[in-house]
Amino acid sequence: MVQTKRLIVKGAERRVLLVDHTKFGRPGLHFLTGLETFSAVLTGDELDTAQRAVLTEKGVSLHCIAT
């Protein structure tokens with residue numbers, strides 16, 4: 001399944017990650033791709049300063065959607 005998702009991401013014209021803010025800073029079961037693969041991240045709540053810094057240094061724009 002991860003290989004299929006990697007192919008989908010690789011073939012996409014635009015890559016935006018929609019993720020719950022609680023997923024940041026936690027290990028996942030599988031590694032799909034690095035954050036630098038995405039042009040933007042959309043999440044529900046504000047991230048802490050360290051998590052924002054990681055996205056900024058990778059050139060990824062962060063959009064927090066009010067819940």
# chains A, B, ... in the order shown; residues from 1 in each chain; ligands from 1
>>> residues_around(residues="region 35-51 of chain A", least_positions_apart="5", cutoff="8 Å", atoms="only C-alpha atoms", output="mmCIF file with C-alpha atoms, in the first residue's frame")
data_model
loop_
_atom_site.group_PDB
_atom_site.id
_atom_site.type_symbol
_atom_site.label_atom_id
_atom_site.label_comp_id
_atom_site.auth_asym_id
_atom_site.auth_seq_id
_atom_site.Cartn_x
_atom_site.Cartn_y
_atom_site.Cartn_z
ATOM 1 C CA ARG A 14 0.397 19.545 -6.840
ATOM 2 C CA ARG A 15 1.036 18.043 -3.402
ATOM 3 C CA VAL A 16 -0.873 19.267 -0.348
ATOM 4 C CA LEU A 17 -0.897 17.367 2.945
ATOM 5 C CA LEU A 18 -4.085 17.422 5.013
ATOM 6 C CA VAL A 19 -3.222 16.164 8.486
ATOM 7 C CA ASP A 20 -4.520 16.291 12.040
ATOM 8 C CA HIS A 21 -2.224 18.455 14.187
ATOM 9 C CA PHE A 24 3.140 15.981 14.303
ATOM 10 C CA GLY A 25 6.060 14.913 16.464
ATOM 11 C CA LYS A 58 11.693 22.876 4.307
ATOM 12 C CA GLY A 59 9.851 25.598 2.370
ATOM 13 C CA VAL A 60 6.376 24.238 3.143
ATOM 14 C CA SER A 61 3.567 26.712 3.792
ATOM 15 C CA LEU A 62 1.329 26.003 6.768
ATOM 16 C CA HIS A 63 -2.403 26.705 6.808
ATOM 17 C CA CYS A 64 -4.298 26.239 10.077
ATOM 18 C CA ILE A 65 -8.023 25.842 9.569
ATOM 19 C CA ALA A 66 -10.129 26.992 12.522
ATOM 20 C CA THR A 67 -12.269 24.206 13.940
#
>>> select_by_dssp(residues="chain A", states="alpha helix (DSSP H)", output="list in words")
Val2, Gln3, Thr4, Lys5, Arg6, Leu7, Ile8, Val9, Lys10, Gly11, Thr49, Ala50, Gln51, Arg52, Ala53, Val54, Leu55, Thr56 and Glu57 of chain A
>>> write_last_selection(atoms="N, CA and C atoms", output="mmCIF file, in the first residue's frame")
data_model
loop_
_atom_site.group_PDB
_atom_site.id
_atom_site.type_symbol
_atom_site.label_atom_id
_atom_site.label_comp_id
_atom_site.auth_asym_id
_atom_site.auth_seq_id
_atom_site.Cartn_x
_atom_site.Cartn_y
_atom_site.Cartn_z
ATOM 1 N N VAL A 2 1.963 1.248 0.757
ATOM 2 C CA VAL A 2 2.845 2.415 0.823
ATOM 3 C C VAL A 2 3.461 2.683 -0.549
ATOM 4 N N GLN A 3 3.854 1.632 -1.257
ATOM 5 C CA GLN A 3 4.438 1.801 -2.593
ATOM 6 C C GLN A 3 3.444 2.472 -3.544
ATOM 7 N N THR A 4 2.195 2.083 -3.463
ATOM 8 C CA THR A 4 1.157 2.676 -4.309
ATOM 9 C C THR A 4 0.985 4.155 -3.983
ATOM 10 N N LYS A 5 0.951 4.486 -2.696
ATOM 11 C CA LYS A 5 0.816 5.887 -2.287
ATOM 12 C C LYS A 5 2.015 6.706 -2.751
ATOM 13 N N ARG A 6 3.206 6.127 -2.705
ATOM 14 C CA ARG A 6 4.400 6.834 -3.179
ATOM 15 C C ARG A 6 4.292 7.153 -4.667
ATOM 16 N N LEU A 7 3.780 6.227 -5.443
ATOM 17 C CA LEU A 7 3.599 6.454 -6.877
ATOM 18 C C LEU A 7 2.565 7.549 -7.137
ATOM 19 N N ILE A 8 1.513 7.558 -6.352
ATOM 20 C CA ILE A 8 0.485 8.588 -6.498
ATOM 21 C C ILE A 8 1.079 9.962 -6.193
ATOM 22 N N VAL A 9 1.827 10.061 -5.103
ATOM 23 C CA VAL A 9 2.450 11.330 -4.722
ATOM 24 C C VAL A 9 3.438 11.775 -5.788
ATOM 25 N N LYS A 10 4.235 10.842 -6.275
ATOM 26 C CA LYS A 10 5.249 11.162 -7.284
ATOM 27 C C LYS A 10 4.609 11.702 -8.564
ATOM 28 N N GLY A 11 3.466 11.162 -8.942
ATOM 29 C CA GLY A 11 2.814 11.556 -10.179
ATOM 30 C C GLY A 11 1.914 12.785 -10.066
ATOM 31 N N THR A 49 5.974 26.051 18.056
ATOM 32 C CA THR A 49 7.027 26.783 17.360
ATOM 33 C C THR A 49 8.023 25.850 16.678
ATOM 34 N N ALA A 50 8.421 24.784 17.332
ATOM 35 C CA ALA A 50 9.396 23.845 16.759
ATOM 36 C C ALA A 50 8.838 23.167 15.512
ATOM 37 N N GLN A 51 7.587 22.770 15.559
ATOM 38 C CA GLN A 51 6.970 22.110 14.412
ATOM 39 C C GLN A 51 6.802 23.085 13.244
ATOM 40 N N ARG A 52 6.464 24.329 13.543
ATOM 41 C CA ARG A 52 6.365 25.355 12.503
ATOM 42 C C ARG A 52 7.727 25.588 11.858
ATOM 43 N N ALA A 53 8.774 25.606 12.680
ATOM 44 C CA ALA A 53 10.129 25.852 12.182
ATOM 45 C C ALA A 53 10.561 24.775 11.202
ATOM 46 N N VAL A 54 10.220 23.533 11.470
ATOM 47 C CA VAL A 54 10.570 22.431 10.572
ATOM 48 C C VAL A 54 9.938 22.648 9.204
ATOM 49 N N LEU A 55 8.667 23.009 9.179
ATOM 50 C CA LEU A 55 7.982 23.249 7.907
ATOM 51 C C LEU A 55 8.583 24.445 7.178
ATOM 52 N N THR A 56 8.869 25.511 7.906
ATOM 53 C CA THR A 56 9.432 26.717 7.306
ATOM 54 C C THR A 56 10.788 26.432 6.674
ATOM 55 N N GLU A 57 11.642 25.706 7.373
ATOM 56 C CA GLU A 57 12.974 25.432 6.826
ATOM 57 C C GLU A 57 12.925 24.500 5.618
#
>>> select_by_dssp(residues="region 6-56 of chain A", states="strand (DSSP E or B)", output="ChimeraX atom specification")
/A:16-18,40-43
>>> write_last_selection(atoms="C-alpha atoms", output="PDB file, in the first residue's frame")
ATOM      1  CA  VAL A  16      -0.873  19.267  -0.348  1.00  0.00           C
ATOM      2  CA  LEU A  17      -0.897  17.367   2.945  1.00  0.00           C
ATOM      3  CA  LEU A  18      -4.085  17.422   5.013  1.00  0.00           C
ATOM      4  CA  ALA A  40       1.513  23.119   1.715  1.00  0.00           C
ATOM      5  CA  VAL A  41       0.246  21.513   4.907  1.00  0.00           C
ATOM      6  CA  LEU A  42      -3.324  22.027   6.108  1.00  0.00           C
ATOM      7  CA  THR A  43      -4.119  21.226   9.729  1.00  0.00           C
TER       8      THR A  43
END
